[in-house]
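Contents: one structure, followed by commentary.
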Amino acid sequence: MLRVLAVDDERPALEELLYLLRADSRIRSAEGATDATEALRRIGRALEAGPDSEDAIDVVFLDIHMAGLTGLDVARLLAGFARPPLIVFVTAHEGFAVQAFDLKAVDYVLKPVRRERLAEAVRRVGDLIVPQRDTQRPQPVPTALPTVVPGPGPEQIPVELGGVTRFVPVDDITYVEAQGDYARLHTAEGSHLVRIPLSTLEERWASRGFVRIHRSHLVALGRIDELRLDAGATTVRVGTAELAVSRRHARQLRDLLMLPRGSKGSGGPAPGSRG
């Protein structure tokens with residue numbers, strides 16, 4: 001039975017989140033706070049009182065964009081405590097996922113919150129709250145965005161969007177952007193974040209025509225529309241994106257692009273084609 005604090009500076013969003021949480025049989029209590037200052041005050045009181053008190057908090061469901069301190073600021077402050085409550089971010093913005101998981105968030109739920117997705121977040125929290133013989137809180141076990149694992153076919157990669165796992169064909173990926181230990185996969189329809197280093201994807205997808213052009217970018221050769229050389233600087237255009245090519249990779253890239261059609265040895269389409 002979990003004791004929850006939900007934090008959101010928009011009252012309707014907070015009330016909806018509390019309604020959904022209280023409807024879950026695994027939630028013992030769910031209270032709300034409308035700003036970071038109030039939330040920190042309640043959490044501080046809970047930590048002083050101990051895990052067996054009526055004020056104890058197991059997990060904080062935390063919005064990111066709030067007036068004053070943001071949810072990320074609150075998470076950074078809580079990281080300084082010996083045994084802080086677990087954190088689940090609930091936000092309308094996908095772009096802060098990397099920072100959230102770097103702060104050891106258990107989950108990252110996108111608004112509008114669906115009952116099924118919230119239930120999955122509660123399950124993840126419950127799995128980490130393990131009873132101990134002493135009354136000390138267990139430490140949060142960091143989780144992350146979906147790791148690349150074999151999907152239903154060798155040419156697809158699983159990504160998570162709003163709690164739904166979808167399988168993106170590798171052939172739909174135009175380029176990949178490094179973001180720390182994560183990689184953002186770009187397609188014509190949008191982008192997806194996965195927890196896997198760019199170097200791993202470079203090795204795994206070399207046979208599919210992906211080449212490294214920069215320490216931050218991996219590009220599908222067949223998706224390159226233009227190669228430009230201007231004042232010694234090399235760039236490529238992939239759709240609407242213009243990407244820099246580092247000097248160490250420029251010569252190899254030019255050589256690959258100058259090969260006759262179909263002779264790159266990669267099994268991928270030739271530049272400019274969309275086969």
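Ordered as shown in the structure tokens, chains take letters A, B, and onward, while each chain numbers its residues from 1 and ligands are numbered from 1 in the order shown.
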
Subject >> strand (DSSP E) call set, DSSP backbone run, stretch 2-220 of chain A, as a PyMOL selection string >> reply: chain A and resi 2-7+27-33+59-62+86-91+107-110+156-161+164-169+173-179+182-187+191-194+210-214+217-220

Subject >> Within 12 Å of A:Ala244 using only C-alpha atoms, minus same-chain residues under 3 positions, as a list in words >> reply: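 Residues near the query, excluding close chain neighbours: Glu177, Arg212, Ile213, His214, Arg215, Ser216, His217, Leu218, Val219, Glu226, Leu227, Arg228, Leu229, Asp230, Gly232, Ala233, Thr234, Thr235, Val236, Arg237, Val238, Ala241, Arg247, Arg248, His249, Ala250 and Leu253 of chain A.
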
**OP:** For each of A:Leu256, A:Val245, A:Leu17, A:Leu78, take the minimum atom-to-atom distance to A:Arg115, counting only C-alpha atoms, then give the residue where this is smallest.
**Re:**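 Residue with the minimum atom-to-atom distance to A:Arg115: A:Leu17.
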
Subject >> Test item, helix (DSSP H, G or I) assignment across stretch 12-223 of chain A, answer as an NGL selection string >> reply: :A and (12-22 or 36-49 or 71-78 or 94-102 or 115-128 or 170-172 or 198-204 or 206-208 or 221-223)

6 Å contact set for stretch 63-71 of chain A, only C-alpha atoms, chain neighbours under 4 positions out, as an mmCIF file with N, CA and C atoms, in the first residue's frame:
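Output contents, as saved in result-v8.cif:
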data_model
loop_
_atom_site.group_PDB
_atom_site.id
_atom_site.type_symbol
_atom_site.label_atom_id
_atom_site.label_comp_id
_atom_site.auth_asym_id
_atom_site.auth_seq_id
_atom_site.Cartn_x
_atom_site.Cartn_y
_atom_site.Cartn_z
ATOM 1 N N ASP A 8 1.379 19.342 -8.772
ATOM 2 C CA ASP A 8 1.088 19.984 -10.052
ATOM 3 C C ASP A 8 0.503 21.349 -9.749
ATOM 4 N N ASP A 9 1.016 22.386 -10.429
ATOM 5 C CA ASP A 9 0.522 23.725 -10.133
ATOM 6 C C ASP A 9 -0.767 24.066 -10.877
ATOM 7 N N ALA A 36 6.079 23.652 -5.730
ATOM 8 C CA ALA A 36 7.261 22.936 -5.274
ATOM 9 C C ALA A 36 7.589 23.230 -3.811
ATOM 10 N N PHE A 89 7.775 11.239 -12.800
ATOM 11 C CA PHE A 89 7.430 12.502 -13.443
ATOM 12 C C PHE A 89 6.151 12.329 -14.266
ATOM 13 N N VAL A 90 5.284 13.324 -14.172
ATOM 14 C CA VAL A 90 4.042 13.351 -14.949
ATOM 15 C C VAL A 90 4.026 14.687 -15.676
ATOM 16 N N THR A 91 4.191 14.664 -16.989
ATOM 17 C CA THR A 91 4.393 15.901 -17.725
ATOM 18 C C THR A 91 3.824 15.809 -19.126
#

Subject >> Residue nearest A:Leu20 among A:Ala39, A:Met258, A:Ala105, A:Ala6 (counting only C-alpha atoms) >> reply: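 Going through A:Ala39, A:Met258, A:Ala105, A:Ala6 one by one, the smallest distance to A:Leu20 is for A:Ala6.
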
Original post:
Skipping near chain neighbours, those fewer than 6 positions away, what residues fall within 12 Å of A:Tyr19 using only C-alpha atoms, listed as a list in words?
Top reply: Ala6, Pro12, Ala13, Ile27, Ser29, Ala30, Glu31, Gly32, Val113, Arg114, Arg115 and Leu118 of chain A

**OP:** Tell me, as number ranges by chain, which residues lie within 10 Å of A:Thr240, counting only C-alpha atoms; anything in the same chain fewer than 3 positions away does not count.
**Re:** A: 188, 225, 237, 243

Subject >> Shell around A:Ala178 at 8 Å using only C-alpha atoms, local window under 2 positions removed, as a PyMOL selection string >> reply: chain A and resi 176+180-184+197-198+215-217

Determine, for each residue of stretch 190-244 of chain A having at least one atom at most 12 Å from an atom of stretch 100-104 of chain A, the closest pair of atoms and their separation in Å to one decimal, counting only C-alpha atoms; order by chain and ascending number, as a Markdown table.
| residue | atom | partner | partner_atom | distance |
| --- | --- | --- | --- | --- |
| A:Leu193 | CA | A:Phe101 | CA | 11.9 |
| A:Val194 | CA | A:Phe101 | CA | 11.7 |
| A:Arg195 | CA | A:Phe101 | CA | 10.1 |

**OP:** Could you check which of A:Trp205, A:Phe167, A:Phe61, A:Phe96 is closest to A:Ala121, using only C-alpha atoms?
**Re:**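 The answer is A:Phe61, which sits nearest to A:Ala121.
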
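In this structure, atom CA of A:Thr34 sits 10.6 Å away from atom CA of A:Leu5.
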
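For the set A:Ile87, A:Val98, A:Ala220, A:Leu128, the residue with the smallest atom-to-atom gap to A:His192 is A:Val98, counting only C-alpha atoms.
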
Subject >> Atom-to-atom span, atom CA of A:Gly222 and atom CA of A:Glu202, Å >> reply: 15.3 Å
